[in-house]
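**Student:** protein02.pdb (PDB, C-alpha atoms and all ligand atoms) pasted underneath:
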ATOM      1  CA  MET A  14      -0.019 106.655 -28.647  1.00  0.00           C
ATOM      2  CA  ALA A  15      -1.468 103.416 -27.306  1.00  0.00           C
ATOM      3  CA  ALA A  16      -2.486 102.468 -30.860  1.00  0.00           C
ATOM      4  CA  SER A  17       1.039 102.789 -32.243  1.00  0.00           C
ATOM      5  CA  ARG A  18       2.473 100.879 -29.277  1.00  0.00           C
ATOM      6  CA  LYS A  19      -0.070  98.141 -29.907  1.00  0.00           C
ATOM      7  CA  ILE A  20       0.938  97.933 -33.589  1.00  0.00           C
ATOM      8  CA  ARG A  21       4.576  97.710 -32.531  1.00  0.00           C
ATOM      9  CA  LEU A  22       3.703  94.890 -30.135  1.00  0.00           C
ATOM     10  CA  ILE A  23       1.833  92.962 -32.847  1.00  0.00           C
ATOM     11  CA  MET A  24       4.866  93.323 -35.131  1.00  0.00           C
ATOM     12  CA  GLU A  25       7.096  92.057 -32.342  1.00  0.00           C
ATOM     13  CA  LEU A  26       4.845  89.028 -31.878  1.00  0.00           C
ATOM     14  CA  ARG A  27       4.969  88.309 -35.616  1.00  0.00           C
ATOM     15  CA  ARG A  28       8.753  88.465 -35.530  1.00  0.00           C
ATOM     16  CA  ALA A  29       8.720  86.052 -32.586  1.00  0.00           C
ATOM     17  CA  GLY A  30       6.931  83.517 -34.775  1.00  0.00           C
ATOM     18  CA  ILE A  31       3.274  84.107 -33.952  1.00  0.00           C
ATOM     19  CA  ALA A  32       1.627  83.591 -37.349  1.00  0.00           C
ATOM     20  CA  ASP A  33      -1.936  82.628 -36.374  1.00  0.00           C
ATOM     21  CA  THR A  34      -4.075  85.563 -37.533  1.00  0.00           C
ATOM     22  CA  GLU A  35      -6.925  84.645 -35.144  1.00  0.00           C
ATOM     23  CA  VAL A  36      -4.506  84.951 -32.227  1.00  0.00           C
ATOM     24  CA  LEU A  37      -2.973  88.215 -33.444  1.00  0.00           C
ATOM     25  CA  SER A  38      -6.388  89.708 -34.098  1.00  0.00           C
ATOM     26  CA  ALA A  39      -7.657  88.694 -30.626  1.00  0.00           C
ATOM     27  CA  ILE A  40      -4.601  90.362 -29.060  1.00  0.00           C
ATOM     28  CA  GLU A  41      -5.229  93.429 -31.155  1.00  0.00           C
ATOM     29  CA  ARG A  42      -8.868  93.607 -30.033  1.00  0.00           C
ATOM     30  CA  ILE A  43      -8.429  93.074 -26.275  1.00  0.00           C
ATOM     31  CA  PRO A  44      -7.212  96.251 -24.530  1.00  0.00           C
ATOM     32  CA  ARG A  45      -4.367  95.024 -22.297  1.00  0.00           C
ATOM     33  CA  ASP A  46      -4.374  98.346 -20.423  1.00  0.00           C
ATOM     34  CA  VAL A  47      -7.749  97.370 -18.870  1.00  0.00           C
ATOM     35  CA  PHE A  48      -5.980  94.375 -17.250  1.00  0.00           C
ATOM     36  CA  THR A  49      -2.947  96.343 -16.057  1.00  0.00           C
ATOM     37  CA  PRO A  50      -2.729  98.044 -12.628  1.00  0.00           C
ATOM     38  CA  GLU A  51      -2.714 101.854 -12.765  1.00  0.00           C
ATOM     39  CA  SER A  52       0.990 102.172 -11.923  1.00  0.00           C
ATOM     40  CA  PHE A  53       2.023  99.961 -14.873  1.00  0.00           C
ATOM     41  CA  ARG A  54      -0.532 101.245 -17.373  1.00  0.00           C
ATOM     42  CA  HIS A  55       2.031 103.067 -19.505  1.00  0.00           C
ATOM     43  CA  GLN A  56       3.723  99.683 -20.078  1.00  0.00           C
ATOM     44  CA  SER A  57       0.548  97.839 -21.081  1.00  0.00           C
ATOM     45  CA  TYR A  58       1.738  97.266 -24.658  1.00  0.00           C
ATOM     46  CA  GLU A  59       5.338  96.445 -23.845  1.00  0.00           C
ATOM     47  CA  ASN A  60       6.293  92.819 -24.367  1.00  0.00           C
ATOM     48  CA  MET A  61       6.734  92.208 -20.637  1.00  0.00           C
ATOM     49  CA  ALA A  62       5.060  90.509 -17.684  1.00  0.00           C
ATOM     50  CA  ILE A  63       3.321  92.932 -15.285  1.00  0.00           C
ATOM     51  CA  PRO A  64       2.722  92.506 -11.519  1.00  0.00           C
ATOM     52  CA  ILE A  65      -1.002  92.317 -10.639  1.00  0.00           C
ATOM     53  CA  GLY A  66      -0.822  91.956  -6.837  1.00  0.00           C
ATOM     54  CA  GLN A  67      -0.822  88.912  -4.524  1.00  0.00           C
ATOM     55  CA  GLY A  68       2.661  88.140  -5.866  1.00  0.00           C
ATOM     56  CA  GLN A  69       1.157  87.219  -9.246  1.00  0.00           C
ATOM     57  CA  THR A  70       1.818  88.473 -12.765  1.00  0.00           C
ATOM     58  CA  LEU A  71      -0.011  89.156 -15.997  1.00  0.00           C
ATOM     59  CA  SER A  72       2.035  87.063 -18.437  1.00  0.00           C
ATOM     60  CA  GLN A  73       4.207  88.573 -21.158  1.00  0.00           C
ATOM     61  CA  PRO A  74       2.161  89.114 -24.385  1.00  0.00           C
ATOM     62  CA  GLN A  75       4.527  86.843 -26.302  1.00  0.00           C
ATOM     63  CA  VAL A  76       3.843  84.002 -23.862  1.00  0.00           C
ATOM     64  CA  VAL A  77       0.070  84.607 -24.028  1.00  0.00           C
ATOM     65  CA  ALA A  78       0.305  84.566 -27.841  1.00  0.00           C
ATOM     66  CA  LEU A  79       2.493  81.462 -27.920  1.00  0.00           C
ATOM     67  CA  MET A  80       0.243  79.501 -25.555  1.00  0.00           C
ATOM     68  CA  THR A  81      -2.936  80.615 -27.321  1.00  0.00           C
ATOM     69  CA  GLN A  82      -1.490  79.637 -30.705  1.00  0.00           C
ATOM     70  CA  ALA A  83      -0.316  76.278 -29.332  1.00  0.00           C
ATOM     71  CA  LEU A  84      -3.833  75.590 -28.070  1.00  0.00           C
ATOM     72  CA  ARG A  85      -5.232  75.501 -31.654  1.00  0.00           C
ATOM     73  CA  ALA A  86      -8.624  76.650 -30.449  1.00  0.00           C
ATOM     74  CA  SER A  87     -11.581  77.592 -32.627  1.00  0.00           C
ATOM     75  CA  ARG A  88     -15.168  78.825 -32.411  1.00  0.00           C
ATOM     76  CA  ARG A  89     -16.254  75.279 -31.579  1.00  0.00           C
ATOM     77  CA  THR A  90     -13.970  74.766 -28.611  1.00  0.00           C
ATOM     78  CA  LYS A  91     -14.778  74.851 -24.927  1.00  0.00           C
ATOM     79  CA  VAL A  92     -11.703  75.861 -22.944  1.00  0.00           C
ATOM     80  CA  LEU A  93     -10.697  75.587 -19.298  1.00  0.00           C
ATOM     81  CA  GLU A  94      -8.090  78.017 -17.978  1.00  0.00           C
ATOM     82  CA  ILE A  95      -6.354  77.494 -14.640  1.00  0.00           C
ATOM     83  CA  GLY A  96      -5.105  80.777 -13.123  1.00  0.00           C
ATOM     84  CA  THR A  97      -7.396  83.656 -14.139  1.00  0.00           C
ATOM     85  CA  GLY A  98      -5.047  86.273 -12.659  1.00  0.00           C
ATOM     86  CA  SER A  99      -5.863  89.602 -14.328  1.00  0.00           C
ATOM     87  CA  GLY A 100      -8.233  87.873 -16.750  1.00  0.00           C
ATOM     88  CA  TYR A 101      -6.224  88.901 -19.826  1.00  0.00           C
ATOM     89  CA  GLN A 102      -5.508  85.399 -21.150  1.00  0.00           C
ATOM     90  CA  ALA A 103      -9.168  84.424 -20.677  1.00  0.00           C
ATOM     91  CA  ALA A 104     -10.257  87.587 -22.511  1.00  0.00           C
ATOM     92  CA  VAL A 105      -7.989  86.801 -25.474  1.00  0.00           C
ATOM     93  CA  LEU A 106      -9.333  83.228 -25.566  1.00  0.00           C
ATOM     94  CA  SER A 107     -12.925  84.455 -25.369  1.00  0.00           C
ATOM     95  CA  ARG A 108     -12.511  86.122 -28.788  1.00  0.00           C
ATOM     96  CA  ILE A 109     -11.397  82.823 -30.347  1.00  0.00           C
ATOM     97  CA  CYS A 110     -13.368  80.106 -28.531  1.00  0.00           C
ATOM     98  CA  ARG A 111     -17.006  79.277 -27.936  1.00  0.00           C
ATOM     99  CA  ARG A 112     -16.765  79.379 -24.154  1.00  0.00           C
ATOM    100  CA  VAL A 113     -14.035  79.901 -21.587  1.00  0.00           C
ATOM    101  CA  TYR A 114     -14.170  78.522 -18.030  1.00  0.00           C
ATOM    102  CA  THR A 115     -11.544  80.007 -15.747  1.00  0.00           C
ATOM    103  CA  ILE A 116     -10.525  79.249 -12.158  1.00  0.00           C
ATOM    104  CA  GLU A 117      -8.558  81.450  -9.744  1.00  0.00           C
ATOM    105  CA  ARG A 118      -7.561  80.773  -6.120  1.00  0.00           C
ATOM    106  CA  PHE A 119      -7.358  84.466  -5.068  1.00  0.00           C
ATOM    107  CA  LYS A 120     -10.851  85.907  -4.586  1.00  0.00           C
ATOM    108  CA  GLU A 121      -9.613  89.505  -4.963  1.00  0.00           C
ATOM    109  CA  LEU A 122      -7.979  88.827  -8.331  1.00  0.00           C
ATOM    110  CA  LEU A 123     -11.058  86.971  -9.551  1.00  0.00           C
ATOM    111  CA  ARG A 124     -13.378  89.819  -8.552  1.00  0.00           C
ATOM    112  CA  ASP A 125     -11.262  92.325 -10.503  1.00  0.00           C
ATOM    113  CA  ALA A 126     -11.096  90.028 -13.530  1.00  0.00           C
ATOM    114  CA  GLU A 127     -14.901  89.566 -13.467  1.00  0.00           C
ATOM    115  CA  ALA A 128     -15.375  93.355 -13.437  1.00  0.00           C
ATOM    116  CA  ARG A 129     -13.133  93.638 -16.510  1.00  0.00           C
ATOM    117  CA  PHE A 130     -15.061  90.923 -18.374  1.00  0.00           C
ATOM    118  CA  ALA A 131     -18.306  92.795 -17.629  1.00  0.00           C
ATOM    119  CA  GLN A 132     -16.820  96.130 -18.690  1.00  0.00           C
ATOM    120  CA  LEU A 133     -15.659  94.660 -22.022  1.00  0.00           C
ATOM    121  CA  ARG A 134     -18.915  92.681 -22.415  1.00  0.00           C
ATOM    122  CA  LEU A 135     -17.126  89.355 -22.700  1.00  0.00           C
ATOM    123  CA  HIS A 136     -20.167  87.241 -21.951  1.00  0.00           C
ATOM    124  CA  ASN A 137     -18.765  83.821 -22.865  1.00  0.00           C
ATOM    125  CA  ILE A 138     -16.434  83.600 -19.862  1.00  0.00           C
ATOM    126  CA  THR A 139     -17.540  81.673 -16.756  1.00  0.00           C
ATOM    127  CA  THR A 140     -15.477  82.095 -13.589  1.00  0.00           C
ATOM    128  CA  ARG A 141     -14.934  80.100 -10.453  1.00  0.00           C
ATOM    129  CA  HIS A 142     -13.103  80.723  -7.217  1.00  0.00           C
ATOM    130  CA  GLY A 143     -11.296  77.543  -6.252  1.00  0.00           C
ATOM    131  CA  ASP A 144      -8.388  75.206  -6.631  1.00  0.00           C
ATOM    132  CA  GLY A 145      -7.608  74.715 -10.299  1.00  0.00           C
ATOM    133  CA  TRP A 146      -5.405  71.754  -9.429  1.00  0.00           C
ATOM    134  CA  LYS A 147      -8.682  69.800  -9.257  1.00  0.00           C
ATOM    135  CA  GLY A 148     -10.083  71.185 -12.502  1.00  0.00           C
ATOM    136  CA  TRP A 149     -13.832  71.784 -12.951  1.00  0.00           C
ATOM    137  CA  HIS A 150     -15.461  68.383 -12.789  1.00  0.00           C
ATOM    138  CA  GLU A 151     -19.054  69.610 -13.376  1.00  0.00           C
ATOM    139  CA  GLN A 152     -18.151  71.234 -16.700  1.00  0.00           C
ATOM    140  CA  ALA A 153     -15.827  68.527 -18.022  1.00  0.00           C
ATOM    141  CA  PRO A 154     -14.852  67.354 -20.573  1.00  0.00           C
ATOM    142  CA  PHE A 155     -12.964  70.292 -22.112  1.00  0.00           C
ATOM    143  CA  ASP A 156     -11.666  70.452 -25.677  1.00  0.00           C
ATOM    144  CA  ARG A 157      -8.746  72.552 -24.512  1.00  0.00           C
ATOM    145  CA  ILE A 158      -7.062  73.225 -21.160  1.00  0.00           C
ATOM    146  CA  ILE A 159      -4.534  75.982 -20.535  1.00  0.00           C
ATOM    147  CA  VAL A 160      -2.664  76.294 -17.250  1.00  0.00           C
ATOM    148  CA  THR A 161      -1.006  79.662 -16.592  1.00  0.00           C
ATOM    149  CA  ALA A 162       0.964  78.663 -13.486  1.00  0.00           C
ATOM    150  CA  ALA A 163       3.665  76.012 -13.295  1.00  0.00           C
ATOM    151  CA  ALA A 164       3.174  72.642 -11.574  1.00  0.00           C
ATOM    152  CA  ALA A 165       5.976  70.249 -10.654  1.00  0.00           C
ATOM    153  CA  SER A 166       4.120  67.576 -12.612  1.00  0.00           C
ATOM    154  CA  VAL A 167       1.035  67.374 -14.825  1.00  0.00           C
ATOM    155  CA  PRO A 168      -2.124  67.484 -12.642  1.00  0.00           C
ATOM    156  CA  GLY A 169      -3.885  64.153 -13.181  1.00  0.00           C
ATOM    157  CA  ALA A 170      -7.386  65.607 -12.672  1.00  0.00           C
ATOM    158  CA  LEU A 171      -6.818  67.929 -15.624  1.00  0.00           C
ATOM    159  CA  VAL A 172      -5.782  65.080 -17.913  1.00  0.00           C
ATOM    160  CA  ASP A 173      -8.951  63.223 -16.834  1.00  0.00           C
ATOM    161  CA  GLN A 174     -11.085  66.261 -17.736  1.00  0.00           C
ATOM    162  CA  LEU A 175      -9.596  66.631 -21.211  1.00  0.00           C
ATOM    163  CA  ALA A 176     -11.853  65.398 -24.032  1.00  0.00           C
ATOM    164  CA  GLU A 177     -10.564  62.700 -26.342  1.00  0.00           C
ATOM    165  CA  GLY A 178      -8.538  64.455 -29.050  1.00  0.00           C
ATOM    166  CA  GLY A 179      -8.246  67.448 -26.737  1.00  0.00           C
ATOM    167  CA  LEU A 180      -5.115  69.520 -26.141  1.00  0.00           C
ATOM    168  CA  MET A 181      -3.629  70.911 -22.948  1.00  0.00           C
ATOM    169  CA  VAL A 182      -0.891  73.558 -22.851  1.00  0.00           C
ATOM    170  CA  LEU A 183       0.927  74.011 -19.544  1.00  0.00           C
ATOM    171  CA  PRO A 184       4.266  74.911 -17.979  1.00  0.00           C
ATOM    172  CA  VAL A 185       5.810  72.108 -15.927  1.00  0.00           C
ATOM    173  CA  GLY A 186       8.940  72.280 -13.809  1.00  0.00           C
ATOM    174  CA  GLN A 187      10.381  71.886 -10.345  1.00  0.00           C
ATOM    175  CA  THR A 188      11.872  75.386 -10.152  1.00  0.00           C
ATOM    176  CA  SER A 189      11.344  78.640 -12.024  1.00  0.00           C
ATOM    177  CA  ARG A 190      14.594  77.997 -13.901  1.00  0.00           C
ATOM    178  CA  ASP A 191      13.799  74.680 -15.457  1.00  0.00           C
ATOM    179  CA  GLN A 192      10.223  75.054 -16.623  1.00  0.00           C
ATOM    180  CA  ALA A 193       9.127  73.682 -19.961  1.00  0.00           C
ATOM    181  CA  LEU A 194       6.014  74.634 -21.838  1.00  0.00           C
ATOM    182  CA  LEU A 195       4.331  71.363 -22.821  1.00  0.00           C
ATOM    183  CA  ARG A 196       1.476  70.471 -25.101  1.00  0.00           C
ATOM    184  CA  LEU A 197      -0.368  67.264 -24.284  1.00  0.00           C
ATOM    185  CA  THR A 198      -2.752  65.581 -26.691  1.00  0.00           C
ATOM    186  CA  ARG A 199      -5.211  63.030 -25.370  1.00  0.00           C
ATOM    187  CA  THR A 200      -5.478  60.188 -27.874  1.00  0.00           C
ATOM    188  CA  PRO A 201      -7.217  56.803 -27.598  1.00  0.00           C
ATOM    189  CA  GLU A 202      -3.767  55.259 -27.093  1.00  0.00           C
ATOM    190  CA  GLY A 203      -2.765  57.617 -24.309  1.00  0.00           C
ATOM    191  CA  VAL A 204      -1.290  61.060 -23.792  1.00  0.00           C
ATOM    192  CA  VAL A 205       1.216  62.402 -26.318  1.00  0.00           C
ATOM    193  CA  GLU A 206       3.608  65.041 -24.995  1.00  0.00           C
ATOM    194  CA  GLU A 207       5.406  67.771 -26.974  1.00  0.00           C
ATOM    195  CA  HIS A 208       8.000  70.182 -25.631  1.00  0.00           C
ATOM    196  CA  LEU A 209       7.313  73.692 -26.964  1.00  0.00           C
ATOM    197  CA  SER A 210       9.767  76.045 -25.253  1.00  0.00           C
ATOM    198  CA  GLU A 211      11.411  77.168 -22.033  1.00  0.00           C
ATOM    199  CA  VAL A 212       9.253  79.481 -19.898  1.00  0.00           C
ATOM    200  CA  ARG A 213       9.084  81.050 -16.454  1.00  0.00           C
ATOM    201  CA  PHE A 214       5.783  81.098 -14.560  1.00  0.00           C
ATOM    202  CA  VAL A 215       4.622  81.617 -11.003  1.00  0.00           C
ATOM    203  CA  PRO A 216       3.873  78.285  -9.264  1.00  0.00           C
ATOM    204  CA  LEU A 217       0.572  76.443  -9.364  1.00  0.00           C
ATOM    205  CA  VAL A 218      -0.345  76.252  -5.683  1.00  0.00           C
ATOM    206  CA  ALA A 219      -2.858  73.735  -4.362  1.00  0.00           C
ATOM    207  CA  GLY A 220      -5.797  74.898  -2.228  1.00  0.00           C
ATOM    208  CA  VAL A 221      -7.276  78.391  -1.869  1.00  0.00           C
ATOM    209  CA  PRO A 222      -6.048  81.144   0.502  1.00  0.00           C
ATOM    210  CA  GLY A 223      -7.776  81.004   3.873  1.00  0.00           C
ATOM    211  CA  GLU A 224      -8.333  77.284   3.717  1.00  0.00           C
ATOM    212  CA  GLN A 225      -5.691  74.887   4.831  1.00  0.00           C
ATOM    213  CA  ALA A 226      -3.444  74.859   1.781  1.00  0.00           C
ATOM    214  CA  THR A 227      -1.151  72.066   0.745  1.00  0.00           C
ATOM    215  CA  PHE A 228       1.852  73.474  -1.034  1.00  0.00           C
ATOM    216  CA  ILE A 229       2.785  71.274  -3.935  1.00  0.00           C
ATOM    217  CA  GLN A 230       5.873  73.390  -4.459  1.00  0.00           C
ATOM    218  CA  ARG A 231       7.662  76.026  -2.421  1.00  0.00           C
ATOM    219  CA  ARG A 232       9.690  78.491  -4.372  1.00  0.00           C
ATOM    220  CA  GLY A 233      10.987  81.898  -3.435  1.00  0.00           C
ATOM    221  CA  ASP A 234      12.760  82.687  -6.652  1.00  0.00           C
ATOM    222  CA  VAL A 235       9.939  83.111  -9.094  1.00  0.00           C
ATOM    223  CA  ALA A 236      10.002  86.116 -11.396  1.00  0.00           C
TER     224      ALA A 236
HETATM  225  N1  LIG B 301      -3.619  84.027 -16.888  1.00  0.00           N
HETATM  226  C1  LIG B 301      -3.241  85.136 -16.046  1.00  0.00           C
HETATM  227  C2  LIG B 301      -1.828  84.977 -15.503  1.00  0.00           C
HETATM  228  C3  LIG B 301      -1.926  84.615 -14.120  1.00  0.00           C
HETATM  229  S1  LIG B 301      -0.507  84.255 -13.153  1.00  0.00           S
HETATM  230  C4  LIG B 301      -3.407  86.471 -16.719  1.00  0.00           C
HETATM  231  O1  LIG B 301      -3.692  86.478 -17.927  1.00  0.00           O
HETATM  232  O2  LIG B 301      -3.299  87.487 -16.069  1.00  0.00           O
HETATM  233  C5  LIG B 301      -1.055  82.703 -12.507  1.00  0.00           C
HETATM  234  C6  LIG B 301      -2.330  82.722 -11.719  1.00  0.00           C
HETATM  235  O3  LIG B 301      -2.575  81.391 -11.308  1.00  0.00           O
HETATM  236  C7  LIG B 301      -2.263  83.560 -10.445  1.00  0.00           C
HETATM  237  O4  LIG B 301      -3.316  84.469 -10.436  1.00  0.00           O
HETATM  238  C8  LIG B 301      -2.405  82.515  -9.332  1.00  0.00           C
HETATM  239  O5  LIG B 301      -3.100  82.981  -8.205  1.00  0.00           O
HETATM  240  C9  LIG B 301      -3.183  81.422 -10.048  1.00  0.00           C
HETATM  241  N2  LIG B 301      -3.082  80.096  -9.424  1.00  0.00           N
HETATM  242  C10 LIG B 301      -1.993  79.476  -8.909  1.00  0.00           C
HETATM  243  N3  LIG B 301      -2.314  78.264  -8.441  1.00  0.00           N
HETATM  244  C11 LIG B 301      -3.650  78.099  -8.678  1.00  0.00           C
HETATM  245  C12 LIG B 301      -4.586  77.052  -8.418  1.00  0.00           C
HETATM  246  N4  LIG B 301      -4.234  75.911  -7.824  1.00  0.00           N
HETATM  247  N5  LIG B 301      -5.871  77.250  -8.780  1.00  0.00           N
HETATM  248  C13 LIG B 301      -6.264  78.390  -9.372  1.00  0.00           C
HETATM  249  N6  LIG B 301      -5.435  79.417  -9.652  1.00  0.00           N
HETATM  250  C14 LIG B 301      -4.134  79.272  -9.297  1.00  0.00           C
END
Please re-express this file's structure in C-alpha cells.
**Tutor:**
Amino acid sequence: MAASRKIRLIMELRRAGIADTEVLSAIERIPRDVFTPESFRHQSYENMAIPIGQGQTLSQPQVVALMTQALRASRRTKVLEIGTGSGYQAAVLSRICRRVYTIERFKELLRDAEARFAQLRLHNITTRHGDGWKGWHEQAPFDRIIVTAAAASVPGALVDQLAEGGLMVLPVGQTSRDQALLRLTRTPEGVVEEHLSEVRFVPLVAGVPGEQATFIQRRGDVA
C-alpha cells in the first residue's frame, strides 16, 4: 500500500516538473512515514504539508523536491539547512550530499529528528540546537544553504557563510501570502538573485525558545 502511494507521489512530482533523478531517487529512498506523527501517518505519501508539533510543519513533498533540485547539490557538497523540523529535508539531502549541517530552534523537534537519523543510519548529518538566523560560523563556508522557514529579508550572516560560487535557496516574504522562493548565487561580483516560485512557509524566528527571543516577524496567518 505504502509502496504504491510512494510511486504515485513520485509520478506526481515528475508531472510537477521535478526531473532530477538524484532528487527523485532520494525521495524514493527516504521513508517519509518515519518523519510523520502517528496521527498523520496514513497521509505520509500524499503531496501535502503535515503538522509536526510546536506550530511547525513538515513541508509538502513537492516543495522539498523543488528546493532540493534548485540547490544543485552533489556528492562533493557540504550543505547547511536552517529549520530541521521533522528532519525529512535533511534526510533527503543526506542521500545526495557529502555532509549536511542542520539547525533547529526547538529542542524537542531536534531530539526527534536526531532519533530518526539514527534509526535510518544517516550518519552524515550533524545537528545543532540554536538560532539559524546566525548560521553556523564554526563550520562555514558552505557550498549550499537551504532555509526552510521564511524570513522578511535575506539573513546577512547566511550570505557571509556561503562559499564563493555557492548557492542558497530560501523563501523570503513579509507575510505568508507574498513569499517568494529565491535562489542566490555568490559570485566574485556579488550576489545574483533568481525568483523560482511562490511558496508558503512558517516564519523564520530569531532566537531559541526559553531565551529572550527577538521576533523578526509576527504572523498569525501562516498555514
Ligand atoms: N525542513 C523541515 C521543515 C521545517 S518547518 C522538515 O523537513 O520537516 C521550519 C522549521 O524551522 C521549524 O521547525 C522551525 O522551528 C524552524 N525555525 C524557525 N526559525 C528558526 C531559526 N531562527 N533557527 C532555527 N530553526 C528555525
**Student:** What's the 12 Å shell around His136 (chain A), counting only C-alpha atoms, without same-chain residues fewer than 5 positions away, as a compact mmCIF listing (two decimals) with C-alpha atoms, keeping the file's coordinate frame?
**Tutor:**
# COMPACT_ATOMS: atom_id res chain seq x y z
CA ALA A 103 -9.17 84.42 -20.68
CA ALA A 104 -10.26 87.59 -22.51
CA SER A 107 -12.92 84.46 -25.37
CA ARG A 108 -12.51 86.12 -28.79
CA CYS A 110 -13.37 80.11 -28.53
CA ARG A 111 -17.01 79.28 -27.94
CA ARG A 112 -16.76 79.38 -24.15
CA VAL A 113 -14.04 79.90 -21.59
CA TYR A 114 -14.17 78.52 -18.03
CA GLU A 127 -14.90 89.57 -13.47
CA ALA A 128 -15.38 93.36 -13.44
CA ARG A 129 -13.13 93.64 -16.51
CA PHE A 130 -15.06 90.92 -18.37
CA ALA A 131 -18.31 92.80 -17.63
**Student:** Find the residues near Gly96 (chain A): any atom within 8 Å, counting all atoms listed in the file, skip ones fewer than 2 places away on the same chain, and give them as a list in words.
**Tutor:**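 Here the qualifying residues turn out to be Glu94, Gly98, Thr115, Ile116, Glu117, Arg118, Gly145, Val160, Thr161 and Ala162 of chain A.
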**Student:** If you keep C-alpha atoms, can you produce a file of those selected residues as a PDB file, in the coordinates of the input?
**Tutor:**
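Output saved as part10.pdb:
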ATOM      1  CA  GLU A  94      -8.090  78.017 -17.978  1.00  0.00           C
ATOM      2  CA  GLY A  98      -5.047  86.273 -12.659  1.00  0.00           C
ATOM      3  CA  THR A 115     -11.544  80.007 -15.747  1.00  0.00           C
ATOM      4  CA  ILE A 116     -10.525  79.249 -12.158  1.00  0.00           C
ATOM      5  CA  GLU A 117      -8.558  81.450  -9.744  1.00  0.00           C
ATOM      6  CA  ARG A 118      -7.561  80.773  -6.120  1.00  0.00           C
ATOM      7  CA  GLY A 145      -7.608  74.715 -10.299  1.00  0.00           C
ATOM      8  CA  VAL A 160      -2.664  76.294 -17.250  1.00  0.00           C
ATOM      9  CA  THR A 161      -1.006  79.662 -16.592  1.00  0.00           C
ATOM     10  CA  ALA A 162       0.964  78.663 -13.486  1.00  0.00           C
TER      11      ALA A 162
END
**Student:** If the PyMOL selection byres (((chain A and resi 44) around 10) and not hetatm) is run on the structure shown, which residues does it catch, given as a PDB file with C-alpha atoms, keeping the file's coordinate frame?
**Tutor:**
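Produced file out_21.pdb, reproduced below:
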ATOM      1  CA  ALA A  15      -1.468 103.416 -27.306  1.00  0.00           C
ATOM      2  CA  LYS A  19      -0.070  98.141 -29.907  1.00  0.00           C
ATOM      3  CA  ALA A  39      -7.657  88.694 -30.626  1.00  0.00           C
ATOM      4  CA  ILE A  40      -4.601  90.362 -29.060  1.00  0.00           C
ATOM      5  CA  GLU A  41      -5.229  93.429 -31.155  1.00  0.00           C
ATOM      6  CA  ARG A  42      -8.868  93.607 -30.033  1.00  0.00           C
ATOM      7  CA  ILE A  43      -8.429  93.074 -26.275  1.00  0.00           C
ATOM      8  CA  ARG A  45      -4.367  95.024 -22.297  1.00  0.00           C
ATOM      9  CA  ASP A  46      -4.374  98.346 -20.423  1.00  0.00           C
ATOM     10  CA  VAL A  47      -7.749  97.370 -18.870  1.00  0.00           C
ATOM     11  CA  PHE A  48      -5.980  94.375 -17.250  1.00  0.00           C
ATOM     12  CA  THR A  49      -2.947  96.343 -16.057  1.00  0.00           C
ATOM     13  CA  SER A  57       0.548  97.839 -21.081  1.00  0.00           C
ATOM     14  CA  TYR A  58       1.738  97.266 -24.658  1.00  0.00           C
ATOM     15  CA  TYR A 101      -6.224  88.901 -19.826  1.00  0.00           C
ATOM     16  CA  ALA A 104     -10.257  87.587 -22.511  1.00  0.00           C
ATOM     17  CA  VAL A 105      -7.989  86.801 -25.474  1.00  0.00           C
ATOM     18  CA  LEU A 133     -15.659  94.660 -22.022  1.00  0.00           C
TER      19      LEU A 133
END
**Student:** What does the structure give for the distance between CA of Pro222 (chain A) and CA of Gly143 (chain A), in Å to one decimal?
**Tutor:**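 Distance reported for this atom pair: 9.3 Å.
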**Student:** Given the file above and the PyMOL selection byres (((chain A and resi 187-200) around 9) and not hetatm), which residues are selected, and can you give them as a PyMOL selection string?
**Tutor:** chain A and resi 80+83-84+163-166+172+175-186+201-216+230-232+234-236
**Student:** Give the padded box for ligand LIG 301 (chain B) as JSON: axis-aligned, covering all atoms listed in the file, 5 Å on each side, centre and edge lengths in Å to one decimal.
**Tutor:**
{"center_x": -3.4, "center_y": 81.7, "center_z": -12.9, "size_x": 15.8, "size_y": 21.6, "size_z": 20.1}
**Student:** Enter the distance from CA of Glu59 (chain A) to CA of Ala32 (chain A), in Å, rounded to one decimal.
**Tutor:**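 Answer for the CA of Glu59 (chain A) to CA of Ala32 (chain A) separation: 19.0 Å.
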**Student:** Generate the missing atoms of region 80-88 of chain A up to N, CA and C atoms and report them as a tab-separated table (two decimals), keeping the file's coordinate frame.
**Tutor:**
chain	number	residue	atom	x	y	z
A	80	MET	N	1.10	80.53	-26.16
A	80	MET	CA	0.24	79.50	-25.56
A	80	MET	C	-1.10	79.42	-26.28
A	81	THR	N	-1.64	80.59	-26.65
A	81	THR	CA	-2.94	80.61	-27.32
A	81	THR	C	-2.81	79.94	-28.69
A	82	GLN	N	-1.71	80.25	-29.39
A	82	GLN	CA	-1.49	79.64	-30.70
A	82	GLN	C	-1.33	78.12	-30.57
A	83	ALA	N	-0.58	77.71	-29.54
A	83	ALA	CA	-0.32	76.28	-29.33
A	83	ALA	C	-1.59	75.50	-29.00
A	84	LEU	N	-2.58	76.22	-28.49
A	84	LEU	CA	-3.83	75.59	-28.07
A	84	LEU	C	-4.72	75.20	-29.26
A	85	ARG	N	-4.46	75.81	-30.43
A	85	ARG	CA	-5.23	75.50	-31.65
A	85	ARG	C	-6.73	75.49	-31.39
A	86	ALA	N	-7.20	76.56	-30.79
A	86	ALA	CA	-8.62	76.65	-30.45
A	86	ALA	C	-9.41	77.24	-31.62
A	87	SER	N	-10.72	77.04	-31.58
A	87	SER	CA	-11.58	77.59	-32.63
A	87	SER	C	-12.93	77.95	-32.02
A	88	ARG	N	-13.81	78.46	-32.85
A	88	ARG	CA	-15.17	78.82	-32.41
A	88	ARG	C	-15.93	77.66	-31.78
